[in-house]
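Asker: See entry34.pdb below, with PDB, C-alpha atoms and all ligand atoms.
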ATOM      1  CA  MET A1056       0.000   0.000   0.000
ATOM      2  CA  LYS A1057       1.190   3.475  -0.851
ATOM      3  CA  ILE A1058       2.105   5.717   2.094
ATOM      4  CA  SER A1059       2.778   9.435   1.649
ATOM      5  CA  LEU A1060       5.103  11.443   3.833
ATOM      6  CA  GLY A1061       5.505  15.074   2.846
ATOM      7  CA  LYS A1062       6.676  14.979  -0.761
ATOM      8  CA  LYS A1063       7.932  11.413  -0.466
ATOM      9  CA  SER A1064       6.025   8.236  -1.017
ATOM     10  CA  PHE A1065       6.683   4.750   0.320
ATOM     11  CA  GLU A1066       5.389   1.301  -0.499
ATOM     12  CA  ALA A1067       4.301  -0.397   2.737
ATOM     13  CA  ARG A1068       4.774  -4.130   2.256
ATOM     14  CA  ARG A1069       5.457  -5.237   5.803
ATOM     15  CA  VAL A1070       3.593  -4.445   8.983
ATOM     16  CA  PHE A1071       5.352  -5.226  12.265
ATOM     17  CA  CYS A1072       3.494  -5.077  15.544
ATOM     18  CA  ILE A1073       4.586  -5.059  19.155
ATOM     19  CA  GLY A1074       2.565  -6.797  21.846
ATOM     20  CA  ARG A1075       2.574  -6.037  25.575
ATOM     21  CA  ASN A1076       4.441  -2.752  25.581
ATOM     22  CA  TYR A1077       2.491  -0.864  28.286
ATOM     23  CA  TYR A1078       2.243  -2.091  31.901
ATOM     24  CA  ASP A1079      -1.350  -0.948  32.356
ATOM     25  CA  HIS A1080      -2.470  -2.980  29.318
ATOM     26  CA  ILE A1081      -0.534  -6.087  30.419
ATOM     27  CA  LYS A1082      -2.330  -5.806  33.758
ATOM     28  CA  GLU A1083      -5.813  -5.595  32.241
ATOM     29  CA  LEU A1084      -5.191  -8.774  30.203
ATOM     30  CA  HIS A1085      -3.421 -10.525  33.119
ATOM     31  CA  ASP A1086      -0.390 -11.134  30.901
ATOM     32  CA  GLU A1087       3.236 -11.408  31.947
ATOM     33  CA  VAL A1088       5.736  -8.615  31.307
ATOM     34  CA  PRO A1089       7.902  -9.947  28.464
ATOM     35  CA  GLU A1090      11.706 -10.065  28.754
ATOM     36  CA  LYS A1091      12.109  -8.930  25.138
ATOM     37  CA  PRO A1092       9.696  -7.100  22.828
ATOM     38  CA  VAL A1093       6.900  -9.363  21.548
ATOM     39  CA  ILE A1094       7.015  -9.044  17.754
ATOM     40  CA  PHE A1095       4.446 -10.241  15.250
ATOM     41  CA  MET A1096       3.406  -9.303  11.717
ATOM     42  CA  LYS A1097       0.341  -8.494   9.705
ATOM     43  CA  PRO A1098       0.097  -8.816   5.918
ATOM     44  CA  GLU A1099      -0.229  -5.805   3.635
ATOM     45  CA  THR A1100      -3.936  -6.595   3.198
ATOM     46  CA  SER A1101      -4.484  -5.779   6.868
ATOM     47  CA  LEU A1102      -3.896  -2.064   6.164
ATOM     48  CA  VAL A1103      -6.877   0.272   5.914
ATOM     49  CA  MET A1104      -6.372   3.882   4.913
ATOM     50  CA  GLU A1105      -8.243   6.700   6.549
ATOM     51  CA  GLY A1106     -11.833   7.063   5.399
ATOM     52  CA  GLU A1107     -12.222   3.479   4.169
ATOM     53  CA  GLN A1108     -14.908   1.413   5.826
ATOM     54  CA  ILE A1109     -14.048  -1.631   7.897
ATOM     55  CA  LYS A1110     -16.151  -4.733   7.516
ATOM     56  CA  PHE A1111     -16.910  -6.590  10.736
ATOM     57  CA  PRO A1112     -14.899  -9.849  10.479
ATOM     58  CA  MET A1113     -16.686 -13.155   9.959
ATOM     59  CA  HIS A1114     -14.457 -15.445  12.005
ATOM     60  CA  GLY A1115     -15.128 -14.206  15.524
ATOM     61  CA  ARG A1116     -17.384 -12.083  17.721
ATOM     62  CA  ASP A1117     -15.302 -10.217  20.241
ATOM     63  CA  PHE A1118     -13.796  -7.575  17.954
ATOM     64  CA  HIS A1119     -11.507  -5.235  19.932
ATOM     65  CA  TYR A1120      -9.816  -1.913  19.268
ATOM     66  CA  GLU A1121      -6.208  -1.258  20.363
ATOM     67  CA  THR A1122      -5.028   2.293  19.682
ATOM     68  CA  GLU A1123      -1.322   2.537  18.862
ATOM     69  CA  ILE A1124       1.420   4.859  17.651
ATOM     70  CA  VAL A1125       2.679   3.684  14.242
ATOM     71  CA  LEU A1126       6.198   4.281  12.926
ATOM     72  CA  LEU A1127       7.206   4.486   9.275
ATOM     73  CA  ILE A1128      10.706   3.324   8.381
ATOM     74  CA  GLY A1129      12.428   5.512   5.797
ATOM     75  CA  LYS A1130      15.908   4.039   5.570
ATOM     76  CA  GLU A1131      17.110   0.548   4.739
ATOM     77  CA  GLY A1132      19.589  -1.288   6.929
ATOM     78  CA  ARG A1133      20.519  -2.857  10.235
ATOM     79  CA  PRO A1134      21.549  -0.229  12.809
ATOM     80  CA  ASP A1135      24.490  -1.097  15.091
ATOM     81  CA  THR A1136      22.841   0.281  18.205
ATOM     82  CA  ALA A1137      19.394   1.185  19.495
ATOM     83  CA  LYS A1138      20.390   4.842  19.395
ATOM     84  CA  LYS A1139      21.217   4.591  15.698
ATOM     85  CA  ALA A1140      17.899   2.804  15.076
ATOM     86  CA  MET A1141      16.156   6.159  15.531
ATOM     87  CA  GLU A1142      17.738   7.384  12.287
ATOM     88  CA  HIS A1143      15.677   4.802  10.392
ATOM     89  CA  ILE A1144      12.353   6.292  11.514
ATOM     90  CA  ALA A1145      10.957   8.733   8.946
ATOM     91  CA  GLY A1146       7.358   9.256  10.015
ATOM     92  CA  VAL A1147       4.868   8.805  12.825
ATOM     93  CA  SER A1148       1.127   8.191  12.772
ATOM     94  CA  LEU A1149      -1.623   6.492  14.741
ATOM     95  CA  GLY A1150      -3.570   3.374  13.995
ATOM     96  CA  PHE A1151      -5.475   0.462  15.435
ATOM     97  CA  ASP A1152      -4.265  -3.084  15.990
ATOM     98  CA  LEU A1153      -7.724  -4.626  15.618
ATOM     99  CA  THR A1154      -7.960  -7.940  17.417
ATOM    100  CA  MET A1155     -10.417 -10.839  17.564
ATOM    101  CA  ARG A1156     -10.200 -11.311  21.309
ATOM    102  CA  ASP A1157     -12.315 -14.488  21.474
ATOM    103  CA  VAL A1158     -10.126 -16.122  18.828
ATOM    104  CA  GLN A1159      -7.004 -14.964  20.673
ATOM    105  CA  ARG A1160      -8.339 -16.370  23.960
ATOM    106  CA  TYR A1161      -8.749 -19.728  22.256
ATOM    107  CA  LEU A1162      -5.313 -19.731  20.559
ATOM    108  CA  LEU A1163      -3.050 -18.324  23.279
ATOM    109  CA  PRO A1164      -3.426 -20.936  26.041
ATOM    110  CA  LYS A1165      -2.804 -23.659  23.471
ATOM    111  CA  GLY A1166       0.402 -21.983  22.339
ATOM    112  CA  LEU A1167      -0.936 -21.728  18.784
ATOM    113  CA  PRO A1168       0.080 -18.982  16.338
ATOM    114  CA  TRP A1169      -2.158 -15.948  16.802
ATOM    115  CA  GLU A1170      -2.422 -14.705  13.192
ATOM    116  CA  LEU A1171      -6.121 -15.585  13.049
ATOM    117  CA  SER A1172      -6.780 -13.206  15.939
ATOM    118  CA  LYS A1173      -4.473 -10.392  14.841
ATOM    119  CA  SER A1174      -3.459 -10.560  11.182
ATOM    120  CA  PHE A1175      -6.703 -10.824   9.225
ATOM    121  CA  ASP A1176      -7.789  -8.474   6.422
ATOM    122  CA  GLN A1177      -8.452  -4.888   7.538
ATOM    123  CA  SER A1178      -6.994  -5.459  11.009
ATOM    124  CA  ALA A1179      -4.622  -2.494  10.726
ATOM    125  CA  PRO A1180      -6.246   0.889  10.042
ATOM    126  CA  VAL A1181      -3.518   3.523   9.757
ATOM    127  CA  GLY A1182      -3.690   7.319   9.636
ATOM    128  CA  ARG A1183      -1.650   9.904   7.747
ATOM    129  CA  PHE A1184       2.021  10.151   8.625
ATOM    130  CA  VAL A1185       3.815  13.246   9.846
ATOM    131  CA  GLU A1186       7.551  13.642   9.463
ATOM    132  CA  LYS A1187       9.468  12.651  12.566
ATOM    133  CA  GLU A1188      11.219  16.041  12.640
ATOM    134  CA  ARG A1189       7.881  17.777  13.088
ATOM    135  CA  LEU A1190       7.383  16.189  16.494
ATOM    136  CA  LYS A1191       9.160  17.892  19.364
ATOM    137  CA  ASP A1192       9.866  14.754  21.326
ATOM    138  CA  LEU A1193       9.037  11.226  20.176
ATOM    139  CA  ASN A1194       9.159  10.060  23.780
ATOM    140  CA  ASP A1195       6.487  12.517  24.786
ATOM    141  CA  ILE A1196       3.575  11.785  22.451
ATOM    142  CA  GLU A1197       0.110  11.828  23.994
ATOM    143  CA  PHE A1198      -2.646  10.019  22.118
ATOM    144  CA  PHE A1199      -6.263   8.947  22.527
ATOM    145  CA  GLY A1200      -8.438   6.129  21.262
ATOM    146  CA  LYS A1201     -12.129   6.979  20.962
ATOM    147  CA  VAL A1202     -15.220   4.982  20.075
ATOM    148  CA  ASN A1203     -18.200   7.034  18.863
ATOM    149  CA  GLY A1204     -16.597  10.158  20.278
ATOM    150  CA  GLU A1205     -16.007   8.749  23.755
ATOM    151  CA  VAL A1206     -12.411   8.519  25.021
ATOM    152  CA  LYS A1207     -11.558   4.888  25.794
ATOM    153  CA  GLN A1208      -7.767   4.914  25.735
ATOM    154  CA  HIS A1209      -5.229   7.504  26.807
ATOM    155  CA  GLY A1210      -1.611   6.746  25.941
ATOM    156  CA  LEU A1211       1.729   8.406  26.560
ATOM    157  CA  SER A1212       4.706   7.184  24.577
ATOM    158  CA  LYS A1213       6.953   7.703  27.583
ATOM    159  CA  ASN A1214       5.044   4.893  29.336
ATOM    160  CA  MET A1215       6.148   2.277  26.817
ATOM    161  CA  ILE A1216       8.143  -0.578  28.330
ATOM    162  CA  ASN A1217      10.463  -0.576  25.314
ATOM    163  CA  GLY A1218      11.000   2.730  23.541
ATOM    164  CA  PHE A1219      10.946   3.234  19.773
ATOM    165  CA  ASP A1220      14.757   2.896  19.632
ATOM    166  CA  VAL A1221      14.715  -0.572  21.211
ATOM    167  CA  LEU A1222      11.717  -1.736  19.153
ATOM    168  CA  VAL A1223      13.250  -0.742  15.810
ATOM    169  CA  PHE A1224      16.617  -2.177  16.836
ATOM    170  CA  GLU A1225      15.150  -5.530  17.947
ATOM    171  CA  ILE A1226      13.112  -5.896  14.741
ATOM    172  CA  SER A1227      16.238  -5.156  12.681
ATOM    173  CA  ARG A1228      18.078  -8.086  14.288
ATOM    174  CA  ALA A1229      15.796 -10.457  12.408
ATOM    175  CA  TRP A1230      14.544  -8.378   9.469
ATOM    176  CA  LYS A1231      16.733  -5.857   7.668
ATOM    177  CA  LEU A1232      14.748  -2.631   7.800
ATOM    178  CA  LEU A1233      13.218  -1.569   4.483
ATOM    179  CA  PRO A1234      11.743   1.795   3.517
ATOM    180  CA  GLY A1235       7.978   1.580   3.902
ATOM    181  CA  ASP A1236       8.033  -0.837   6.848
ATOM    182  CA  LEU A1237       5.384   0.039   9.416
ATOM    183  CA  ILE A1238       5.683  -0.675  13.124
ATOM    184  CA  TYR A1239       2.685  -0.686  15.486
ATOM    185  CA  THR A1240       4.175   0.005  18.899
ATOM    186  CA  GLY A1241       1.683  -1.458  21.373
ATOM    187  CA  THR A1242      -1.460  -0.297  23.141
ATOM    188  CA  PRO A1243      -2.159   1.247  26.543
ATOM    189  CA  ALA A1244      -5.034   0.161  28.820
ATOM    190  CA  GLY A1245      -8.689   0.651  27.954
ATOM    191  CA  ILE A1246      -9.148  -1.824  25.119
ATOM    192  CA  GLY A1247     -12.676  -3.032  24.504
ATOM    193  CA  PRO A1248     -15.253  -4.456  22.094
ATOM    194  CA  LEU A1249     -16.733  -2.943  18.946
ATOM    195  CA  LYS A1250     -20.053  -3.424  17.225
ATOM    196  CA  HIS A1251     -21.524  -2.750  13.789
ATOM    197  CA  GLY A1252     -21.854   0.963  13.060
ATOM    198  CA  ASP A1253     -19.186   2.072  15.558
ATOM    199  CA  GLN A1254     -16.744   4.802  14.635
ATOM    200  CA  ILE A1255     -13.186   4.461  15.907
ATOM    201  CA  ILE A1256     -10.919   7.488  16.201
ATOM    202  CA  ALA A1257      -7.197   7.686  16.912
ATOM    203  CA  GLU A1258      -6.148  11.180  17.913
ATOM    204  CA  SER A1259      -3.119  13.152  18.992
ATOM    205  CA  ALA A1260      -2.606  16.928  19.115
ATOM    206  CA  SER A1261       0.836  16.521  17.556
ATOM    207  CA  ILE A1262      -0.085  13.970  14.847
ATOM    208  CA  GLY A1263      -3.724  14.383  13.860
ATOM    209  CA  SER A1264      -7.124  12.752  14.166
ATOM    210  CA  PHE A1265      -8.083   9.733  12.066
ATOM    211  CA  SER A1266     -11.366   7.852  11.987
ATOM    212  CA  TRP A1267     -12.904   4.719  10.512
ATOM    213  CA  LYS A1268     -16.421   3.397  10.415
ATOM    214  CA  LEU A1269     -17.361  -0.229  11.046
ATOM    215  CA  ILE A1270     -20.015  -1.724   8.839
TER     216      ILE A1270
HETATM  217 ZN    ZN B   1      -1.579  -4.251  19.834
END
Would you mind writing the structure in this file as structure tokens?
Answerer:
Amino acid sequence: MKISLGKKSFEARRVFCIGRNYYDHIKELHDEVPEKPVIFMKPETSLVMEGEQIKFPMHGRDFHYETEIVLLIGKEGRPDTAKKAMEHIAGVSLGFDLTMRDVQRYLLPKGLPWELSKSFDQSAPVGRFVEKERLKDLNDIEFFGKVNGEVKQHGLSKNMINGFDVLVFEISRAWKLLPGDLIYTGTPAGIGPLKHGDQIIAESASIGSFSWKLI
């Protein structure tokens, strides 16, 4: 999928996601704090641009929103250090890691792969990207997840267990970074179910406000 950033344009072919990156969210799901970042992927067909409608999935019932900061990689390579990993980030946006919670609850205890619960079509709405340089401090981004106008999630990037530098660095150990790679960086507390007709909004004063309608 084509992603614009200022005058540049990127082809997003890979979507990386980070699980369990905020303590308050780990607590609400009664999960364990991971020793290393939990990394998983979604296919390109999971992406939904702003304004497109999202069809309620057919393979589960408990359809949850997770509001997240999304990074856009602009530079190819494998950074030597976490500090240098920051140079590979070109843009920042917001999105949702949509999750079939009932399917996940079935898969997780059995130790089965969780793609069915996380990586289905249209599971990754993503907003417009702003250039990294336009944000004063990447570690001080405040964002909100709303459903039908009501605030459900309030996140602060400084509360992440692993910062953007560590996340990008850890991903690059296994996958050489490519321009256009997207990274969903985890969700804070307040996740919950969606129903037909709901409107989900991801919002931040420094990034923008992006919404999608469920049909
Ligand atoms: Zn997530």
Asker: Near Gly1200 (chain A), within 10 Å and counting all atoms listed in the file, which residues show up once chain neighbours fewer than 4 positions away are dropped, as a PyMOL selection string?
Answerer: chain A and resi 1120-1123+1149-1151+1204-1210+1242-1243+1245-1246+1255-1259+1264-1266
Asker: Using all atoms listed in the file, which of A:Leu1162, A:Val1185, A:Ala1244, A:Leu1102 sits nearest ligand ZN 1 (chain B)?
Answerer: A:Ala1244
Asker: Within 6 Å of (3.5, -5.2, 3.7) (coordinates as in the file), grab all the protein and nucleic acid residues, counting all atoms listed in the file, and write them out as a list in words.
Answerer: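 The requested residues, written out, are Ala1067, Arg1068, Arg1069, Val1070, Pro1098 and Glu1099 of chain A.
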Asker: Write out as a count of residues only the residues lying within 9 Å of Leu1190 (chain A), counting all atoms listed in the file and excluding same-chain residues fewer than 5 positions away.
Answerer: 5
Asker: Determine the residue set returned by the PyMOL selection byres (((chain A and resi 1115) around 7) and not hetatm) for the present structure, and present it as number ranges by chain.
Answerer: A: 1112-1114, 1116-1117, 1155, 1157-1158
Asker: Interatomic distance between CA of Ser1172 (chain A) and CA of Arg1156 (chain A)?
Answerer: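 Value for the CA of Ser1172 (chain A)-CA of Arg1156 (chain A) distance: 6.6 Å.
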Asker: Tell me, as a PyMOL selection string, which residues lie within 7 Å of Leu1232 (chain A), counting all atoms listed in the file; anything in the same chain fewer than 6 positions away does not count.
Answerer: chain A and resi 1131-1133
Asker: Which residues match the PyMOL selection byres (((chain A and resi 1072) around 6) and not hetatm) in the file above, as an mmCIF file with C-alpha atoms, keeping the file's coordinate frame?
Answerer:
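In the end it all went to selection_21.cif:
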data_model
loop_
_atom_site.group_PDB
_atom_site.id
_atom_site.type_symbol
_atom_site.label_atom_id
_atom_site.label_comp_id
_atom_site.auth_asym_id
_atom_site.auth_seq_id
_atom_site.Cartn_x
_atom_site.Cartn_y
_atom_site.Cartn_z
ATOM 1 C CA PHE A 1071 5.352 -5.226 12.265
ATOM 2 C CA ILE A 1073 4.586 -5.059 19.155
ATOM 3 C CA ILE A 1094 7.015 -9.044 17.754
ATOM 4 C CA PHE A 1095 4.446 -10.241 15.250
ATOM 5 C CA MET A 1096 3.406 -9.303 11.717
ATOM 6 C CA ILE A 1238 5.683 -0.675 13.124
ATOM 7 C CA TYR A 1239 2.685 -0.686 15.486
#
Asker: With a distance cut-off of 12 Å and all atoms listed in the file, select the neighbouring residues of Gly1061 (chain A), excluding the residue or stretch itself and same-chain residues fewer than 6 positions from it, and output the selection as a list of chain:residue names.
Answerer: A:Ala1145, A:Gly1146, A:Val1147, A:Arg1183, A:Phe1184, A:Val1185, A:Glu1186, A:Lys1187, A:Glu1188, A:Arg1189
Asker: For a quick check of your reading of the model, name the residues lying within 9 Å of the coordinate (17.4, -5.2, 22.3), counting all atoms listed in the file, and write them as a list in words.
Answerer: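 Result, sorted by chain then residue number: Lys1091, Pro1092, Thr1136, Ala1137, Asn1217, Asp1220, Val1221, Leu1222, Val1223, Phe1224, Glu1225, Ile1226 and Arg1228 of chain A.
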Asker: Here is a test: counting all atoms listed in the file, which residue of A:Asp1152, A:Asp1086, A:Glu1142, A:Asp1176 is nearest to ligand ZN 1 (chain B)?
Answerer: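 Between A:Asp1152, A:Asp1086, A:Glu1142, A:Asp1176, the residue approaching ligand ZN 1 (chain B) most closely is A:Asp1152.
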Asker: I need the residue nearest Met1215 (chain A) from this list: A:Ser1178, A:Thr1154, A:Asn1194, A:Thr1100. Use only C-alpha atoms for the distance.
Answerer: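 Checking each of A:Ser1178, A:Thr1154, A:Asn1194, A:Thr1100 against Met1215 (chain A), counting only C-alpha atoms, the winner is A:Asn1194.
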Asker: Nearest to Ile1081 (chain A): which of A:Asp1236, A:Trp1230, A:Ile1270, A:Ile1216 is it, counting all atoms listed in the file?
Answerer: A:Ile1216
Asker: Quick one: which residues end up in the PyMOL selection byres (((chain A and resi 1195) around 8) and not hetatm) for this structure, as a list in words?
Answerer: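 Given this file, the PyMOL selection byres (((chain A and resi 1195) around 8) and not hetatm) evaluates to Asp1192, Leu1193, Asn1194, Ile1196, Glu1197, Leu1211, Ser1212 and Lys1213 of chain A.
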Asker: In terms of the shortest atom-to-atom distance over all atoms listed in the file, which of A:Gly1235, A:Asp1253, A:Leu1153, A:Leu1127 is closest to Pro1180 (chain A)?
Answerer: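 Nearest candidate to Pro1180 (chain A) out of A:Gly1235, A:Asp1253, A:Leu1153, A:Leu1127: A:Leu1153.
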Asker: What is the CA of Gln1177 (chain A) to CA of Phe1118 (chain A) distance in Å?
Answerer: 12.0 Å
Asker: Have a look at A:Lys1138, A:Lys1231, A:Lys1201, A:His1119 and name the one nearest to ligand ZN 1 (chain B); count all atoms listed in the file.
Answerer: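 When distances to ligand ZN 1 (chain B) are compared using all atoms listed in the file, the smallest one comes from A:His1119.
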Asker: Between CA of Gly1263 (chain A) and CA of Phe1199 (chain A), what distance in Å does the model show, to one decimal?
Answerer: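 Computed distance, CA of Gly1263 (chain A) to CA of Phe1199 (chain A), equals 10.5 Å.
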Asker: I'd like the neighbourhood of Ser1064 (chain A) as a PyMOL selection string, where a residue qualifies if any of its atoms comes within 10 Å (using all atoms listed in the file), though same-chain residues fewer than 6 positions away should be ignored.
Answerer: chain A and resi 1057-1058+1129+1234-1235
